[in-house]
file target-v2.csv (CSV, C-alpha atoms)
chain,number,residue,atom,x,y,z
A,920,MET,CA,-21.0,-105.8,-96.4
A,921,SER,CA,-19.9,-106.0,-92.8
A,922,SER,CA,-17.6,-103.2,-91.7
A,923,GLN,CA,-14.0,-103.8,-90.6
A,924,SER,CA,-15.0,-102.7,-87.1
A,925,ASP,CA,-17.5,-105.5,-86.7
A,926,PRO,CA,-16.5,-107.5,-83.6
A,927,GLN,CA,-15.2,-111.0,-84.4
A,928,PRO,CA,-16.6,-113.5,-82.0
A,929,PRO,CA,-14.4,-116.2,-80.6
A,930,LEU,CA,-14.7,-119.5,-82.5
A,931,ARG,CA,-16.1,-122.4,-80.5
A,932,GLU,CA,-16.6,-126.0,-81.4
A,933,PRO,CA,-18.0,-127.7,-78.2
A,934,ASP,CA,-17.6,-131.4,-77.5
A,935,LEU,CA,-20.4,-133.7,-78.2
A,936,PRO,CA,-22.9,-134.1,-75.4
A,937,ARG,CA,-23.0,-137.3,-73.4
A,938,THR,CA,-26.5,-138.7,-73.5
A,939,ALA,CA,-26.5,-139.6,-69.8
A,940,LYS,CA,-25.9,-135.9,-68.9
A,941,VAL,CA,-28.8,-134.6,-70.9
A,942,ARG,CA,-31.5,-137.2,-70.1
A,943,PRO,CA,-33.2,-137.8,-66.8
A,944,LYS,CA,-32.1,-141.5,-67.1
A,945,ALA,CA,-29.6,-143.4,-69.0
A,946,LEU,CA,-30.9,-144.8,-72.3
A,947,ARG,CA,-30.3,-148.3,-73.5
A,948,THR,CA,-27.4,-148.9,-76.0
A,949,GLY,CA,-27.8,-151.2,-79.0
A,950,PHE,CA,-25.8,-153.0,-81.6
A,951,THR,CA,-24.7,-151.9,-85.1
A,952,THR,CA,-25.6,-153.7,-88.3
A,953,GLY,CA,-22.0,-154.7,-88.5
A,954,ALA,CA,-22.0,-156.3,-85.0
A,955,CYS,CA,-25.3,-158.1,-85.7
A,956,SER,CA,-23.9,-159.4,-89.1
A,957,ALA,CA,-20.8,-160.7,-87.3
A,958,ALA,CA,-23.0,-162.5,-84.8
A,959,ALA,CA,-25.2,-164.0,-87.5
A,960,ALA,CA,-22.0,-165.1,-89.4
A,961,ARG,CA,-20.7,-166.9,-86.3
A,962,ALA,CA,-24.0,-168.6,-85.8
A,963,ALA,CA,-24.1,-169.7,-89.4
A,964,ALA,CA,-20.5,-170.9,-89.2
A,965,GLU,CA,-21.3,-173.0,-86.1
A,966,PHE,CA,-24.3,-174.4,-88.0
A,967,LEU,CA,-22.0,-175.4,-90.8
A,968,VAL,CA,-19.7,-177.2,-88.4
A,969,THR,CA,-22.1,-178.8,-86.0
A,970,GLY,CA,-25.3,-179.1,-88.0
A,971,GLU,CA,-27.2,-177.3,-85.3
A,972,ILE,CA,-28.2,-173.6,-85.0
A,973,PRO,CA,-27.1,-172.1,-81.7
A,974,ALA,CA,-29.5,-170.2,-79.5
A,975,THR,CA,-26.9,-167.6,-78.7
A,976,VAL,CA,-23.4,-166.6,-79.8
A,977,ASP,CA,-20.6,-164.6,-78.3
A,978,ILE,CA,-18.3,-162.4,-80.4
A,979,ASP,CA,-15.4,-160.0,-79.8
A,980,PHE,CA,-15.9,-156.3,-80.2
A,981,PRO,CA,-13.2,-153.7,-81.1
A,982,ASP,CA,-13.0,-152.6,-77.5
A,983,GLY,CA,-11.9,-156.2,-76.5
A,984,VAL,CA,-15.1,-157.0,-74.8
A,985,ARG,CA,-17.0,-160.2,-75.7
A,986,ARG,CA,-20.7,-159.7,-76.0
A,987,ARG,CA,-23.6,-162.1,-76.5
A,988,PHE,CA,-26.4,-162.1,-79.1
A,989,ALA,CA,-29.6,-164.1,-79.3
A,990,VAL,CA,-30.0,-166.0,-82.6
A,991,ASP,CA,-33.5,-165.5,-83.9
A,992,SER,CA,-33.6,-168.4,-86.4
A,993,GLY,CA,-31.7,-170.4,-88.9
A,994,SER,CA,-32.0,-172.6,-92.0
A,995,ALA,CA,-29.9,-175.2,-93.8
A,996,ASP,CA,-28.7,-175.4,-97.4
A,997,PRO,CA,-26.8,-173.1,-97.2
A,998,PRO,CA,-26.2,-172.8,-93.4
A,999,THR,CA,-27.9,-169.5,-92.6
A,1000,ALA,CA,-28.6,-167.6,-89.3
A,1001,VAL,CA,-30.6,-164.6,-88.5
A,1002,VAL,CA,-29.9,-161.9,-85.8
A,1003,VAL,CA,-32.4,-159.2,-85.3
A,1004,LYS,CA,-30.9,-155.8,-84.8
A,1005,ASP,CA,-31.7,-154.1,-81.5
A,1006,ALA,CA,-30.7,-150.4,-81.7
A,1007,GLY,CA,-31.5,-149.9,-78.1
A,1008,ASP,CA,-33.2,-146.6,-77.5
A,1009,ASP,CA,-31.7,-145.0,-80.6
A,1010,PRO,CA,-34.2,-144.0,-83.3
A,1011,ASP,CA,-32.4,-146.0,-86.0
A,1012,VAL,CA,-34.1,-146.9,-89.3
A,1013,THR,CA,-32.5,-150.3,-89.2
A,1014,HIS,CA,-33.9,-151.2,-85.7
A,1015,GLY,CA,-35.6,-154.5,-86.1
A,1016,ALA,CA,-33.7,-155.4,-89.3
A,1017,ARG,CA,-33.2,-159.1,-89.8
A,1018,LEU,CA,-29.5,-159.5,-90.5
A,1019,THR,CA,-29.4,-162.8,-92.4
A,1020,VAL,CA,-26.0,-164.4,-93.1
A,1021,SER,CA,-25.2,-167.6,-94.9
A,1022,VAL,CA,-21.8,-169.3,-94.7
A,1023,THR,CA,-20.5,-171.8,-97.3
A,1024,PRO,CA,-17.1,-173.4,-97.6
A,1025,ARG,CA,-14.6,-172.5,-100.2
A,1026,GLY,CA,-11.3,-174.2,-101.0
A,1027,ASP,CA,-8.7,-171.4,-101.1
A,1028,GLY,CA,-8.7,-170.5,-97.4
A,1029,GLU,CA,-10.1,-167.0,-97.9
A,1030,VAL,CA,-13.1,-165.5,-96.2
A,1031,VAL,CA,-14.9,-163.5,-98.9
A,1032,LEU,CA,-17.9,-161.2,-98.1
A,1033,HIS,CA,-20.8,-160.8,-100.4
A,1034,GLY,CA,-23.8,-158.5,-100.3
A,1035,GLY,CA,-27.1,-160.1,-101.0
A,1036,GLU,CA,-30.6,-158.6,-101.2
A,1037,GLY,CA,-31.1,-155.5,-99.1
A,1038,VAL,CA,-27.3,-154.7,-98.8
A,1039,GLY,CA,-26.3,-151.7,-100.8
A,1040,THR,CA,-23.7,-151.7,-103.7
A,1041,VAL,CA,-21.0,-149.0,-103.8
A,1042,THR,CA,-21.1,-147.0,-107.1
A,1043,LYS,CA,-18.8,-144.0,-106.3
A,1044,PRO,CA,-15.3,-143.7,-104.9
A,1045,GLY,CA,-14.6,-141.9,-101.6
A,1046,LEU,CA,-16.0,-144.3,-99.1
A,1047,GLY,CA,-12.9,-146.4,-98.7
A,1048,LEU,CA,-14.7,-149.3,-100.3
A,1049,GLU,CA,-14.4,-151.0,-103.7
A,1050,VAL,CA,-16.6,-149.6,-106.3
A,1051,GLY,CA,-19.0,-152.3,-107.4
A,1052,GLY,CA,-18.7,-154.1,-104.1
A,1053,PRO,CA,-21.0,-154.4,-101.2
A,1054,ALA,CA,-21.4,-151.5,-98.7
A,1055,ILE,CA,-19.8,-153.3,-95.8
A,1056,ASN,CA,-17.5,-151.0,-93.9
A,1057,PRO,CA,-14.0,-151.9,-92.8
A,1058,VAL,CA,-14.6,-152.6,-89.1
A,1059,PRO,CA,-17.6,-154.9,-89.8
A,1060,ARG,CA,-15.5,-156.7,-92.4
A,1061,GLN,CA,-12.8,-157.3,-89.9
A,1062,MET,CA,-15.3,-158.4,-87.2
A,1063,ILE,CA,-17.0,-160.8,-89.6
A,1064,GLY,CA,-13.8,-162.3,-90.9
A,1065,GLU,CA,-12.3,-162.8,-87.5
A,1066,THR,CA,-15.5,-164.3,-86.1
A,1067,VAL,CA,-15.8,-166.8,-89.0
A,1068,ARG,CA,-12.2,-167.8,-88.7
A,1069,GLU,CA,-12.6,-168.4,-85.0
A,1070,VAL,CA,-15.1,-171.1,-85.9
A,1071,LEU,CA,-13.7,-172.5,-89.1
A,1072,GLY,CA,-10.0,-172.0,-88.6
A,1073,GLU,CA,-8.0,-171.8,-91.8
A,1074,ARG,CA,-10.8,-173.1,-93.9
A,1075,GLY,CA,-12.2,-170.5,-96.3
A,1076,ALA,CA,-15.8,-169.4,-96.6
A,1077,ASP,CA,-18.1,-167.3,-98.6
A,1078,VAL,CA,-20.2,-165.1,-96.3
A,1079,THR,CA,-23.3,-163.6,-97.8
A,1080,ILE,CA,-25.3,-161.0,-95.9
A,1081,THR,CA,-28.9,-160.2,-96.8
A,1082,VAL,CA,-31.3,-157.8,-95.2
A,1083,PRO,CA,-35.0,-158.4,-96.0
A,1084,GLY,CA,-36.6,-155.0,-96.6
A,1085,GLY,CA,-33.1,-153.3,-96.7
A,1086,GLU,CA,-33.8,-151.4,-99.9
A,1087,LYS,CA,-36.9,-149.8,-98.4
A,1088,MET,CA,-34.9,-148.9,-95.2
A,1089,ALA,CA,-32.2,-147.3,-97.3
A,1090,ARG,CA,-34.6,-144.7,-98.6
A,1091,LYS,CA,-34.6,-143.1,-95.2
A,1092,THR,CA,-30.8,-142.8,-95.2
A,1093,THR,CA,-28.2,-140.8,-97.1
A,1094,ASN,CA,-27.0,-143.9,-99.0
A,1095,ARG,CA,-28.2,-142.8,-102.4
A,1096,ARG,CA,-26.5,-139.5,-102.0
A,1097,LEU,CA,-23.3,-141.3,-101.2
A,1098,GLY,CA,-23.6,-143.5,-104.3
A,1099,ILE,CA,-24.8,-146.6,-102.4
A,1100,TYR,CA,-27.8,-148.3,-104.2
A,1101,GLY,CA,-30.0,-151.2,-103.5
A,1102,GLY,CA,-30.0,-151.4,-99.7
A,1103,ILE,CA,-28.5,-150.4,-96.4
A,1104,SER,CA,-24.8,-150.2,-95.4
A,1105,ILE,CA,-23.3,-152.6,-92.9
A,1106,LEU,CA,-21.8,-150.1,-90.5
A,1107,GLY,CA,-20.2,-149.6,-87.2
A,1108,THR,CA,-16.8,-148.6,-85.9
A,1109,THR,CA,-17.3,-149.8,-82.3
A,1110,GLY,CA,-20.2,-152.3,-82.7
A,1111,ILE,CA,-22.3,-150.3,-80.3
A,1112,VAL,CA,-25.1,-147.9,-81.0
A,1113,ARG,CA,-25.2,-145.1,-78.5
A,1114,PRO,CA,-28.7,-143.9,-77.9
A,1115,PHE,CA,-29.6,-140.7,-79.8
A,1116,SER,CA,-25.9,-140.6,-80.7
A,1117,THR,CA,-24.9,-137.6,-82.7
A,1118,ALA,CA,-21.5,-139.1,-83.3
A,1119,SER,CA,-22.8,-141.2,-86.2
A,1120,TRP,CA,-24.3,-138.1,-87.8
A,1121,ARG,CA,-21.0,-136.3,-87.6
A,1122,SER,CA,-19.2,-139.3,-89.2
A,1123,SER,CA,-21.8,-139.3,-92.0
A,1124,VAL,CA,-21.2,-135.6,-92.6
A,1125,GLU,CA,-17.5,-136.1,-92.8
A,1126,GLN,CA,-18.0,-139.1,-95.1
A,1127,ALA,CA,-20.3,-137.1,-97.4
A,1128,VAL,CA,-17.7,-134.4,-97.9
A,1129,SER,CA,-15.1,-137.1,-98.7
A,1130,VAL,CA,-17.4,-138.6,-101.3
A,1131,LEU,CA,-17.9,-135.2,-102.8
A,1132,ALA,CA,-14.2,-134.6,-103.0
A,1133,ALA,CA,-13.7,-138.0,-104.6
A,1134,GLN,CA,-16.1,-136.9,-107.3
A,1135,GLN,CA,-13.9,-133.9,-108.0
A,1136,GLY,CA,-16.5,-131.6,-106.5
A,1137,ARG,CA,-15.3,-128.2,-105.6
A,1138,VAL,CA,-18.4,-126.7,-103.8
A,1139,ALA,CA,-20.1,-128.2,-100.7
A,1140,VAL,CA,-23.7,-127.1,-100.1
A,1141,LEU,CA,-24.4,-127.4,-96.5
A,1142,SER,CA,-27.9,-127.4,-95.0
A,1143,THR,CA,-29.3,-128.1,-91.5
A,1144,GLY,CA,-32.1,-130.5,-92.5
A,1145,GLY,CA,-34.6,-131.6,-95.1
A,1146,ARG,CA,-36.5,-128.4,-95.6
A,1147,THR,CA,-33.4,-126.2,-96.0
A,1148,GLU,CA,-31.8,-128.8,-98.3
A,1149,ARG,CA,-34.8,-128.7,-100.6
A,1150,VAL,CA,-34.4,-125.0,-100.9
A,1151,ALA,CA,-30.7,-125.3,-101.5
A,1152,MET,CA,-31.3,-127.8,-104.3
A,1153,ARG,CA,-33.7,-125.3,-106.0
A,1154,LEU,CA,-31.2,-122.5,-105.4
A,1155,LEU,CA,-28.3,-124.4,-107.0
A,1156,PRO,CA,-29.8,-126.7,-109.6
A,1157,ASP,CA,-26.6,-127.1,-111.5
A,1158,GLU,CA,-24.7,-128.6,-108.5
A,1159,PRO,CA,-24.5,-132.5,-108.4
A,1160,GLU,CA,-26.7,-134.2,-105.8
A,1161,VAL,CA,-23.6,-135.4,-104.0
A,1162,ALA,CA,-22.7,-131.7,-103.2
A,1163,PHE,CA,-25.7,-131.3,-100.9
A,1164,ILE,CA,-24.9,-132.4,-97.4
A,1165,GLU,CA,-27.2,-132.2,-94.4
A,1166,VAL,CA,-24.8,-131.2,-91.6
A,1167,GLY,CA,-27.3,-130.8,-88.7
A,1168,ASP,CA,-25.2,-129.4,-85.9
A,1169,PHE,CA,-21.9,-130.4,-87.4
A,1170,THR,CA,-21.0,-127.4,-89.6
A,1171,GLY,CA,-17.5,-127.3,-88.1
A,1172,ALA,CA,-16.8,-130.9,-89.0
A,1173,ALA,CA,-17.9,-130.3,-92.6
A,1174,VAL,CA,-15.8,-127.2,-92.9
A,1175,ARG,CA,-12.7,-129.0,-91.5
A,1176,ARG,CA,-13.1,-131.9,-93.9
A,1177,ALA,CA,-13.7,-129.6,-96.8
A,1178,VAL,CA,-10.4,-127.9,-96.1
A,1179,GLU,CA,-8.6,-131.2,-95.8
A,1180,HIS,CA,-9.9,-132.3,-99.2
A,1181,GLY,CA,-9.0,-129.0,-100.9
A,1182,LEU,CA,-12.5,-127.8,-101.7
A,1183,ASP,CA,-12.9,-124.2,-102.9
A,1184,GLU,CA,-16.2,-123.1,-101.6
A,1185,LEU,CA,-19.0,-123.7,-99.1
A,1186,VAL,CA,-22.6,-122.6,-99.4
A,1187,PHE,CA,-24.6,-122.7,-96.1
A,1188,VAL,CA,-28.4,-122.7,-96.2
A,1189,GLY,CA,-30.2,-122.5,-92.9
A,1190,MET,CA,-32.9,-120.9,-90.7
A,1191,ILE,CA,-32.4,-118.0,-88.3
A,1192,GLY,CA,-31.7,-120.1,-85.2
A,1193,LYS,CA,-28.7,-122.0,-86.6
A,1194,LEU,CA,-27.5,-119.0,-88.4
A,1195,THR,CA,-27.5,-117.0,-85.2
A,1196,LYS,CA,-25.4,-119.6,-83.4
A,1197,LEU,CA,-22.9,-119.7,-86.2
A,1198,ALA,CA,-22.8,-115.9,-86.4
A,1199,SER,CA,-21.8,-115.9,-82.7
A,1200,GLY,CA,-18.9,-118.2,-83.5
A,1201,VAL,CA,-20.3,-121.6,-82.5
A,1202,VAL,CA,-19.7,-124.2,-85.2
A,1203,MET,CA,-21.1,-127.2,-83.3
A,1204,THR,CA,-24.6,-126.1,-82.6
A,1205,HIS,CA,-26.2,-129.0,-80.6
A,1206,TYR,CA,-28.9,-127.5,-78.3
A,1207,THR,CA,-27.1,-128.8,-75.1
A,1208,ARG,CA,-23.9,-127.0,-76.0
A,1209,SER,CA,-25.0,-123.7,-77.4
A,1210,LYS,CA,-27.9,-121.2,-77.2
A,1211,VAL,CA,-29.1,-118.5,-79.5
A,1212,ASP,CA,-27.3,-115.2,-78.8
A,1213,THR,CA,-30.3,-112.8,-78.6
A,1214,GLU,CA,-28.0,-110.0,-77.7
A,1215,LEU,CA,-26.4,-110.3,-81.2
A,1216,LEU,CA,-29.8,-110.2,-82.8
A,1217,ALA,CA,-30.7,-107.2,-80.6
A,1218,ARG,CA,-27.6,-105.4,-81.8
A,1219,LEU,CA,-28.6,-106.0,-85.4
A,1220,THR,CA,-32.1,-104.7,-84.7
A,1221,ALA,CA,-30.7,-101.5,-83.2
A,1222,GLU,CA,-28.2,-101.1,-86.0
A,1223,PHE,CA,-30.8,-101.2,-88.7
A,1224,GLY,CA,-33.4,-98.9,-87.2
A,1225,GLY,CA,-35.4,-101.0,-84.8
A,1226,THR,CA,-37.3,-99.1,-82.1
A,1227,GLU,CA,-36.4,-99.3,-78.5
A,1228,GLN,CA,-39.3,-101.7,-78.0
A,1229,ASP,CA,-38.1,-103.8,-80.9
A,1230,VAL,CA,-34.6,-104.1,-79.5
A,1231,ALA,CA,-36.0,-104.9,-76.0
A,1232,ASP,CA,-38.3,-107.6,-77.5
A,1233,VAL,CA,-35.5,-109.2,-79.3
A,1234,ALA,CA,-33.0,-109.1,-76.4
A,1235,GLU,CA,-35.6,-110.8,-74.2
A,1236,ALA,CA,-36.7,-113.3,-76.7
A,1237,ALA,CA,-36.6,-117.0,-75.9
A,1238,THR,CA,-36.0,-118.0,-79.5
A,1239,ALA,CA,-34.5,-116.7,-82.6
A,1240,ARG,CA,-37.9,-117.1,-84.2
A,1241,ARG,CA,-39.2,-114.3,-82.0
A,1242,ALA,CA,-36.5,-111.9,-83.4
A,1243,TYR,CA,-37.5,-113.0,-86.9
A,1244,GLU,CA,-41.1,-112.0,-86.1
A,1245,VAL,CA,-40.0,-108.7,-84.6
A,1246,TRP,CA,-38.0,-107.9,-87.7
A,1247,GLN,CA,-41.0,-108.8,-89.9
A,1248,ARG,CA,-43.3,-106.3,-88.2
A,1249,GLY,CA,-40.9,-103.4,-88.9
A,1250,GLU,CA,-39.0,-102.1,-91.9
A,1251,HIS,CA,-35.7,-103.7,-91.0
A,1252,PHE,CA,-36.2,-107.4,-91.8
A,1253,SER,CA,-34.1,-107.5,-95.0
A,1254,ALA,CA,-31.2,-105.5,-93.6
A,1255,CYS,CA,-31.0,-107.4,-90.3
A,1256,ALA,CA,-31.3,-110.8,-92.0
A,1257,HIS,CA,-28.8,-109.9,-94.7
A,1258,ARG,CA,-26.2,-108.8,-92.2
A,1259,LEU,CA,-26.7,-112.0,-90.2
A,1260,CYS,CA,-25.9,-114.0,-93.3
A,1261,GLU,CA,-22.8,-111.9,-93.8
A,1262,LEU,CA,-21.7,-112.5,-90.2
A,1263,VAL,CA,-22.1,-116.3,-90.7
A,1264,ALA,CA,-20.1,-116.2,-93.9
A,1265,ALA,CA,-17.3,-114.3,-92.0
A,1266,VAL,CA,-17.2,-116.8,-89.2
A,1267,LEU,CA,-17.1,-119.8,-91.5
A,1268,GLU,CA,-14.4,-118.3,-93.6
A,1269,ARG,CA,-12.3,-117.5,-90.5
A,1270,PHE,CA,-12.9,-121.0,-89.2
A,1271,SER,CA,-11.8,-122.5,-92.4
A,1272,GLU,CA,-8.6,-120.4,-92.3
A,1273,GLU,CA,-7.9,-121.7,-88.8
A,1274,CYS,CA,-8.4,-125.2,-90.2
A,1275,GLY,CA,-5.6,-124.6,-92.8
A,1276,ARG,CA,-7.0,-122.7,-95.7
A,1277,ARG,CA,-9.6,-119.9,-96.2
A,1278,LEU,CA,-12.6,-121.0,-98.2
A,1279,ARG,CA,-15.1,-118.8,-99.9
A,1280,VAL,CA,-18.4,-119.0,-98.1
A,1281,ARG,CA,-21.9,-117.9,-99.2
A,1282,VAL,CA,-24.9,-118.0,-97.0
A,1283,ALA,CA,-28.7,-118.1,-97.4
A,1284,MET,CA,-31.5,-117.8,-94.8
A,1285,VAL,CA,-34.7,-119.8,-95.4
A,1286,ASP,CA,-38.1,-119.1,-94.0
A,1287,PHE,CA,-39.7,-121.4,-91.5
A,1288,GLU,CA,-42.0,-123.0,-94.1
A,1289,GLY,CA,-39.0,-124.0,-96.1
A,1290,GLU,CA,-40.4,-122.2,-99.1
A,1291,HIS,CA,-38.2,-119.1,-99.7
A,1292,VAL,CA,-34.8,-117.6,-99.3
A,1293,VAL,CA,-35.5,-114.5,-97.3
A,1294,ALA,CA,-32.0,-113.2,-97.1
A,1295,ALA,CA,-28.6,-114.1,-98.5
A,1296,THR,CA,-25.1,-112.9,-99.2
A,1297,GLU,CA,-26.1,-113.2,-102.9
A,1298,ALA,CA,-29.0,-110.8,-103.5
A,1299,ARG,CA,-30.1,-112.8,-106.6
A,1300,TRP,CA,-30.9,-115.8,-104.4
A,1301,VAL,CA,-33.6,-114.0,-102.4
A,1302,THR,CA,-37.0,-115.2,-103.5
A,1303,TRP,CA,-39.1,-113.3,-100.8
A,1304,GLN,CA,-39.3,-109.6,-100.1
A,1305,SER,CA,-40.4,-108.0,-96.8
A,1306,ARG,CA,-43.0,-105.4,-96.9

call {"tool": "encode", "arguments": {"input": "target-v2.csv", "output": "structure tokens"}}
result
Amino acid sequence: MSSQSDPQPPLREPDLPRTAKVRPKALRTGFTTGACSAAAARAAAEFLVTGEIPATVDIDFPDGVRRRFAVDSGSADPPTAVVVKDAGDDPDVTHGARLTVSVTPRGDGEVVLHGGEGVGTVTKPGLGLEVGGPAINPVPRQMIGETVREVLGERGADVTITVPGGEKMARKTTNRRLGIYGGISILGTTGIVRPFSTASWRSSVEQAVSVLAAQQGRVAVLSTGGRTERVAMRLLPDEPEVAFIEVGDFTGAAVRRAVEHGLDELVFVGMIGKLTKLASGVVMTHYTRSKVDTELLARLTAEFGGTEQDVADVAEAATARRAYEVWQRGEHFSACAHRLCELVAAVLERFSEECGRRLRVRVAMVDFEGEHVVAATEARWVTWQSR
């Protein structure tokens, strides 16, 4: 284990980057599925009242700004309108989705939302939505309700949202992990999609931890992406699927939410690059806000018997992968990689304590092929041995 004299790096959780600062030109924003659904609902409500489908509609956003949408098409019986989602320059799986909304009158004055084909159904608690109901988040619900009432007044209406192809789109999201089946979620807290926004990922990470806690889960298994998550699932086959959370750059957000919900333990599974950033005390690891601390890797190389040339190669490396390769060519790979895992565990335990309660943390390092655990705080997890 790490000695008591190991230096403890300062803990840092940098702010999210602003896209305009890290791109040569500003990228185009888009609209969320929730905003598009509200626009389609307004068009359908106007169709119900006037008998004509409008070419455009204006709706209010949570920021108080009124924005305009083009209406793609409509049909009668029941009055239905389609708005095509434009996610701007964001690589959103629902870009181009046809948000299709029908509005029919009801006699009790209520505006009731329904999920049709392609809209997911909530099957687990922890999302702040009714189990068994459609996966339409609170802000979109409010936007849709207010938009329909603006047209219909106090008359009630059934509002049904469908998304052709939504079930297929949902396969590329985390919906199933969160207990949402049959389609996409109608999302959005601002109505705006920020290009390449990492804010939505952070929110999904926090939500995933909340869902795990609602299922009485005690251990969150954090990974940085698809390959590391697959290894994690093989490593911990007895943990429920909901326990596995792809955190990307947002380890700190996951830890904080785990503390808030009273979880007991975290397991972090990642590759050397992210592990090095975490070991140096950085818990939000976006590439624009942190870099790999090759000096830390060089110190480990020296500590475990690397030659002067090995240490120099690691210190001058452009990437953590280079340090990995240097360790592989010598006799010190396992020792260096194991110590790196221990340092990550120490940082995350200390960060959790600063968030309110110290959690137990275990860490595993995965190879670049996503095949093996090459080092870990638990020796029994290691499935690959250096020469």

call {"tool": "residues_near_point", "arguments": {"input": "target-v2.csv", "point": "(-15.2, -117.3, -101.5)", "cutoff": "9 Å", "atoms": "all atoms listed in the file", "output": "list of chain:residue names"}}
result
A:Asp1183, A:Glu1184, A:Leu1185, A:Glu1268, A:Arg1277, A:Leu1278, A:Arg1279, A:Val1280, A:Arg1281

call {"tool": "atom_distance", "arguments": {"input": "target-v2.csv", "atom1": "atom CA of A:Val1186", "atom2": "atom CA of A:Glu1165"}}
result
11.8 Å

call {"tool": "residues_around", "arguments": {"input": "target-v2.csv", "residues": "A:Val1301", "least_positions_apart": "2", "cutoff": "12 Å", "atoms": "all atoms listed in the file", "output": "ChimeraX atom specification"}}
result
/A:1150-1151,1153-1154,1188,1253,1256-1257,1260,1282-1286,1290-1299,1303-1305

call {"tool": "closest_residue", "arguments": {"input": "target-v2.csv", "among": "A:Thr952, A:Thr1109, A:Thr1066, A:Gln1126", "to": "A:Thr1093", "atoms": "all atoms listed in the file"}}
result
A:Gln1126

call {"tool": "residues_near_point", "arguments": {"input": "target-v2.csv", "point": "(-21.0, -171.5, -86.7)", "cutoff": "12 Å", "atoms": "all atoms listed in the file", "output": "ChimeraX atom specification"}}
result
/A:957-978,990,993,995,998-1001,1020-1024,1063,1066-1072,1076,1078

call {"tool": "atom_distance", "arguments": {"input": "target-v2.csv", "atom1": "atom CA of A:Pro933", "atom2": "atom CA of A:Met1203"}}
result
6.0 Å

call {"tool": "closest_residue", "arguments": {"input": "target-v2.csv", "among": "A:Glu1036, A:Glu1261, A:Asp1212, A:Glu1288", "to": "A:Arg1149", "atoms": "only C-alpha atoms"}}
result
A:Glu1288

call {"tool": "closest_residue", "arguments": {"input": "target-v2.csv", "among": "A:Val1230, A:Ala1221, A:Leu1259, A:Ala954", "to": "A:Ser1199", "atoms": "only C-alpha atoms"}}
result
A:Leu1259

call {"tool": "closest_residue", "arguments": {"input": "target-v2.csv", "among": "A:Glu1073, A:Pro1044, A:Leu1155, A:Thr1081", "to": "A:Leu1131", "atoms": "only C-alpha atoms"}}
result
A:Pro1044

call {"tool": "closest_residue", "arguments": {"input": "target-v2.csv", "among": "A:Leu1032, A:Ala1265, A:Leu1197, A:Ala1127", "to": "A:Gly1098", "atoms": "all atoms listed in the file"}}
result
A:Ala1127

call {"tool": "closest_residue", "arguments": {"input": "target-v2.csv", "among": "A:Thr1143, A:Thr1040, A:Ser1104, A:Thr1092", "to": "A:Gly953", "atoms": "only C-alpha atoms"}}
result
A:Ser1104

call {"tool": "atom_distance", "arguments": {"input": "target-v2.csv", "atom1": "atom CA of A:Val1003", "atom2": "atom CA of A:Tyr1100"}}
result
22.3 Å
